[in-house]
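Asker: The following block contains the structure, expressed as structure tokens.
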Amino acid sequence: MKFSIITPSFNQGRFLPDCVESVLSQTGVEIEHIVTDAGSTDETLEVLERYPHLQWISEPDKGMSDGINKGFRKATGDWVMWLNCDDYLLPGALAKVAKFIETHPNVDVVHGDCIYINDDKIPIRRKYDTAVDEWDFLFVGCCIPSTSTFYQKSIIEAGHLLDVEYRNCMDWEYYLRLTRLGYRFGYLPEALAHFRWYEESTTQKHWQRMIDEGLLAQRVHLKARRFPTFLENASVLKFMRKAFQVRRVVKRFMTHGRAW
């Protein structure tokens with residue numbers, strides 16, 4: 001089984017060695033690692049040149065989603081994922097995913113847990129997930145981490161790429177779209193990656209843009225599924241989020257015996 005790991009990059013060269021080494025250290029599977037850099041001016045290119053096994057380009061793009069799509073198009077693996085350059089895989093992660101895929105041949109998307117760490121790589125907490133469905137994505141939000149989510153290459157080959165109009169919530173919109181298209185998600189209850197949570201991360205810096213894009217993704221999905229239009233109201237969606245967060249807590253407790 002071959003995995004294609006796509007790493008979008010822009011001026012985060014200080015994190016890149018952790019990311020690259022984490023992929024390089026994976027065993028038991030075939031791997032290609034593709035880095036799509038947006039024209040970094042820091043030490044990124046110097047780091048990339050130290051690793052001859054990498055496939056990489058450095059050129060301007062239309063944002064992170066565009067960079068990931070470039071990598072998706074180049075991928076030759078059976079399964080693909082994107083791993084942000086400030087995140088990194090845990091030892092044995094890909095072998096665990098491969099084993100899960102072999103025993104769950106009907107899944108199209110596999111997602112696992114991640115561990116939040118700070119800028120100094122000190123663990124903050126593990127994000128325990130659960131099996132997900134359309135309602136989780138629609139009303140709770142982007143509730144599975146992109147950094148530990150894997151897609152069958154057939155999804156990419158069918159033309160389903162990230163929407164470049166989304167700069168923060170591209171993963172949320174993608175998950176909603178894939179559920180709408182009937183793709184099946186499978187949950188692997190293993191910690192697969194470290195997710196850096198720090199002040200300068202994209203997640204932290206652009207909260208308002210995330211809110212706006214998330215609301216857009218919800219409304220597009222509601223229209224596409226022809227749900228009642230009152231659900232598109234922001235206040236109604238906030239109420240539904242609270243209600244379905246409770247449902248998610250119950251699901252997590254039933255899966256892990258804990259509510260966080």
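Identifiers for the structure tokens are assigned positionally: chains receive A, B, ... in sequence, residues are indexed from 1 per chain, and ligands are indexed from 1 in the order shown.
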Excluding Lys2 (chain A) and residues on its chain fewer than 3 positions from it, collect all residues at most 9 Å away from it, counting only C-alpha atoms, and give them as a ChimeraX atom specification.

Answerer: /A:29-32,76-80,98

Asker: Mind writing the picked residues with C-alpha atoms as a PDB file, in the first residue's frame?

Answerer:
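Resulting contents of selection.pdb:
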```pdb
ATOM      1  CA  VAL A  29       4.311   1.030   3.839  1.00  0.00           C
ATOM      2  CA  GLU A  30       5.462   2.705   0.636  1.00  0.00           C
ATOM      3  CA  ILE A  31       5.547   6.499   0.864  1.00  0.00           C
ATOM      4  CA  GLU A  32       6.023   9.535  -1.331  1.00  0.00           C
ATOM      5  CA  THR A  76       0.589   8.458  -7.156  1.00  0.00           C
ATOM      6  CA  GLY A  77      -0.291   6.692  -3.893  1.00  0.00           C
ATOM      7  CA  ASP A  78      -3.325   4.552  -3.166  1.00  0.00           C
ATOM      8  CA  TRP A  79      -4.178   6.921  -0.302  1.00  0.00           C
ATOM      9  CA  VAL A  80      -3.400  10.605   0.105  1.00  0.00           C
ATOM     10  CA  ALA A  98      -2.810   0.601   6.416  1.00  0.00           C
TER      11      ALA A  98
END
```

Asker: Would you kindly return, as a PDB file with C-alpha atoms, in the first residue's frame, each protein, DNA or RNA residue with an atom no farther than 12 Å from any atom of region 101-103 of chain A, considering only C-alpha atoms and excluding same-chain residues fewer than 6 positions away?

Answerer:
```pdb
ATOM      1  CA  MET A   1       0.000   0.000   0.000  1.00  0.00           C
ATOM      2  CA  LYS A   2       1.368   3.392  -0.984  1.00  0.00           C
ATOM      3  CA  PHE A   3       0.679   6.693   0.769  1.00  0.00           C
ATOM      4  CA  ASP A  78      -3.325   4.552  -3.166  1.00  0.00           C
ATOM      5  CA  TRP A  79      -4.178   6.921  -0.302  1.00  0.00           C
ATOM      6  CA  LEU A  94       0.874   4.950   8.525  1.00  0.00           C
ATOM      7  CA  ALA A  95       1.227   1.249   9.359  1.00  0.00           C
ATOM      8  CA  VAL A 109     -11.861   8.320   4.142  1.00  0.00           C
ATOM      9  CA  VAL A 110      -9.996   7.281   7.290  1.00  0.00           C
ATOM     10  CA  HIS A 111      -9.580   9.628  10.240  1.00  0.00           C
ATOM     11  CA  PHE A 150      -6.581  10.050   4.708  1.00  0.00           C
ATOM     12  CA  TYR A 151      -8.441   9.864   1.384  1.00  0.00           C
ATOM     13  CA  GLN A 152      -8.644   7.167  -1.251  1.00  0.00           C
ATOM     14  CA  PHE A 185     -15.777   7.791   6.627  1.00  0.00           C
ATOM     15  CA  GLY A 186     -14.086   5.293   8.929  1.00  0.00           C
ATOM     16  CA  TYR A 187     -12.729   6.123  12.387  1.00  0.00           C
ATOM     17  CA  LEU A 188      -9.449   4.664  13.629  1.00  0.00           C
TER      18      LEU A 188
END
```

Asker: Need the shell around region 167-182 of chain A: protein/DNA/RNA residues with any atom at most 9 Å away, counting only C-alpha atoms. Skip same-chain ones fewer than 6 positions apart. Format as an mmCIF file with C-alpha atoms, in the first residue's frame?

Answerer:
```
data_model
loop_
_atom_site.group_PDB
_atom_site.id
_atom_site.type_symbol
_atom_site.label_atom_id
_atom_site.label_comp_id
_atom_site.auth_asym_id
_atom_site.auth_seq_id
_atom_site.Cartn_x
_atom_site.Cartn_y
_atom_site.Cartn_z
ATOM 1 C CA GLY A 63 -3.319 29.980 -1.138
ATOM 2 C CA MET A 64 -3.051 26.817 0.927
ATOM 3 C CA SER A 65 -5.925 25.026 -0.801
ATOM 4 C CA ASP A 133 -21.669 11.549 10.033
ATOM 5 C CA GLU A 134 -23.259 14.353 8.050
ATOM 6 C CA PHE A 137 -19.967 18.068 10.015
ATOM 7 C CA LEU A 138 -23.021 20.192 9.326
ATOM 8 C CA GLY A 141 -18.125 21.851 12.331
ATOM 9 C CA CYS A 142 -14.687 20.667 11.271
ATOM 10 C CA CYS A 143 -14.608 18.046 13.995
ATOM 11 C CA ILE A 144 -11.883 15.768 12.632
ATOM 12 C CA PRO A 145 -8.272 16.931 12.191
ATOM 13 C CA SER A 146 -7.005 17.177 8.618
ATOM 14 C CA ILE A 155 -11.646 10.583 -4.706
ATOM 15 C CA HIS A 160 -12.901 16.168 -6.019
ATOM 16 C CA LEU A 161 -10.276 18.694 -4.942
ATOM 17 C CA THR A 202 -3.345 29.765 10.739
ATOM 18 C CA THR A 203 -6.052 28.371 13.006
ATOM 19 C CA HIS A 206 -7.841 33.968 11.440
ATOM 20 C CA TRP A 207 -10.775 33.176 13.709
ATOM 21 C CA ARG A 209 -12.399 34.259 8.561
ATOM 22 C CA MET A 210 -12.948 30.723 9.855
ATOM 23 C CA ILE A 211 -16.348 31.703 11.223
ATOM 24 C CA GLU A 213 -16.156 30.470 5.790
ATOM 25 C CA GLY A 214 -17.743 27.891 8.072
ATOM 26 C CA LEU A 216 -20.786 29.713 4.043
ATOM 27 C CA ALA A 217 -19.965 25.992 3.904
ATOM 28 C CA GLN A 218 -22.994 25.183 6.065
ATOM 29 C CA HIS A 221 -24.580 22.273 2.066
ATOM 30 C CA ALA A 224 -27.585 21.464 -1.879
ATOM 31 C CA ARG A 225 -29.429 19.021 0.384
#
```

Asker: Quick one: residues within 12 Å of Leu231 (chain A), only C-alpha atoms, excluding same-chain residues fewer than 2 positions away - as a PyMOL selection string?

Answerer: chain A and resi 138-139+215+218-223+225-229+233-241

Asker: Please return, as a list in words, all residues of region 79-145 of chain A that DSSP assigns to alpha helix (DSSP H) on the basis of the backbone.

Answerer: Ala93, Leu94, Ala95, Lys96, Val97, Ala98, Lys99, Phe100, Ile101, Glu102, Thr103, Glu134 and Trp135 of chain A

Asker: Would you mind telling me which residue in A:Phe230, A:Trp197, A:Phe10, A:Tyr183 lies nearest to Pro60 (chain A) when using only C-alpha atoms?

Answerer: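 Ranked by minimum distance to Pro60 (chain A), first place goes to A:Phe10.
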
Asker: List the spatial neighbours of Asp61 (chain A) as a list of chain:residue names - criterion: any atom at most 8 Å away, only C-alpha atoms, same-chain residues fewer than 4 positions off excluded.

Answerer: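 So, after excluding close chain neighbours, the residues are A:Ala38, A:Asp66, A:Gly67.
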
Asker: According to DSSP computed on the backbone, where in region 81-260 of chain A is there strand (DSSP E or B)? Give the residues as an NGL selection string.

Answerer: :A and (81-82 or 88-89 or 109-117 or 123-127 or 149-152 or 185-196)

Asker: Write out the residues from the selection above, keeping C-alpha atoms, as a JSON list (two decimals), in the first residue's frame.

Answerer:
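Generated output (out.json):
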```json
[["chain", "number", "residue", "atom", "x", "y", "z"],
["A", 81, "MET", "CA", -3.41, 13.08, 2.97],
["A", 82, "TRP", "CA", -2.12, 16.55, 3.67],
["A", 88, "TYR", "CA", 4.04, 15.79, 12.17],
["A", 89, "LEU", "CA", 3.11, 12.12, 12.18],
["A", 109, "VAL", "CA", -11.86, 8.32, 4.14],
["A", 110, "VAL", "CA", -10.00, 7.28, 7.29],
["A", 111, "HIS", "CA", -9.58, 9.63, 10.24],
["A", 112, "GLY", "CA", -7.88, 9.21, 13.60],
["A", 113, "ASP", "CA", -6.99, 11.25, 16.66],
["A", 114, "CYS", "CA", -4.32, 13.89, 17.04],
["A", 115, "ILE", "CA", -2.42, 15.26, 20.01],
["A", 116, "TYR", "CA", -2.30, 19.02, 20.43],
["A", 117, "ILE", "CA", 1.17, 20.32, 21.25],
["A", 123, "PRO", "CA", 1.70, 17.93, 24.68],
["A", 124, "ILE", "CA", -1.42, 19.89, 25.62],
["A", 125, "ARG", "CA", -4.06, 17.17, 25.26],
["A", 126, "ARG", "CA", -5.21, 14.39, 22.98],
["A", 127, "LYS", "CA", -8.22, 15.11, 20.80],
["A", 149, "THR", "CA", -7.23, 12.16, 7.82],
["A", 150, "PHE", "CA", -6.58, 10.05, 4.71],
["A", 151, "TYR", "CA", -8.44, 9.86, 1.38],
["A", 152, "GLN", "CA", -8.64, 7.17, -1.25],
["A", 185, "PHE", "CA", -15.78, 7.79, 6.63],
["A", 186, "GLY", "CA", -14.09, 5.29, 8.93],
["A", 187, "TYR", "CA", -12.73, 6.12, 12.39],
["A", 188, "LEU", "CA", -9.45, 4.66, 13.63],
["A", 189, "PRO", "CA", -9.24, 5.26, 17.43],
["A", 190, "GLU", "CA", -5.49, 5.85, 17.44],
["A", 191, "ALA", "CA", -3.41, 9.01, 17.88],
["A", 192, "LEU", "CA", -1.77, 9.48, 14.48],
["A", 193, "ALA", "CA", -0.23, 12.95, 14.49],
["A", 194, "HIS", "CA", 0.84, 15.94, 16.52],
["A", 195, "PHE", "CA", -1.03, 19.17, 15.81],
["A", 196, "ARG", "CA", 0.77, 22.38, 16.80]]
```

Asker: Choose the residue, out of A:Phe15, A:Ile34, A:Ser22, A:Gln245, that has the smallest atom-to-atom separation from Leu90 (chain A); count only C-alpha atoms.

Answerer: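 Under the stated criterion, the closest residue is A:Ser22.
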
Asker: When you count only C-alpha atoms, which of these residues is closest to Glu165 (chain A): A:Asp129, A:Lys62, A:Leu45, A:Trp135?

Answerer: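 Smallest separation from Glu165 (chain A) among the options: A:Lys62.
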
Asker: So how many Å separate CA of Phe72 (chain A) and CA of His53 (chain A), to one decimal?

Answerer: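 So the two atoms, CA of Phe72 (chain A) and CA of His53 (chain A), lie 17.7 Å apart.
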
Asker: Just checking: using only C-alpha atoms, which residue out of A:Thr255, A:Thr44, A:Ser25, A:Ser148 ends up closest to Pro8 (chain A)?

Answerer: A:Thr44

Asker: When you count only C-alpha atoms, which of these residues is closest to Thr7 (chain A): A:Gln208, A:Asn106, A:Asn84, A:Thr147?

Answerer: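 So, comparing all the options, the nearest one is A:Asn84.
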
Asker: Give the answer as one residue: which of A:Arg184, A:Arg247, A:Lys74, A:His256 has the shortest atom-to-atom distance to Glu157 (chain A), using only C-alpha atoms?

Answerer: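 The answer is A:Lys74, which sits nearest to Glu157 (chain A).
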
Asker: Within 12 Å of Lys251 (chain A), counting only C-alpha atoms, which residues show up once you throw out same-chain ones fewer than 2 positions away? Write them as a VMD selection string, please.

Answerer: chain A and resid 128 to 133 136 244 to 249 253 to 260

Asker: Contacts of Gln55 (chain A) at 10 Å or less, counting only C-alpha atoms, minus same-chain residues fewer than 3 places along, as number ranges by chain?

Answerer: A: 6, 32-36, 48, 51-52, 71, 74
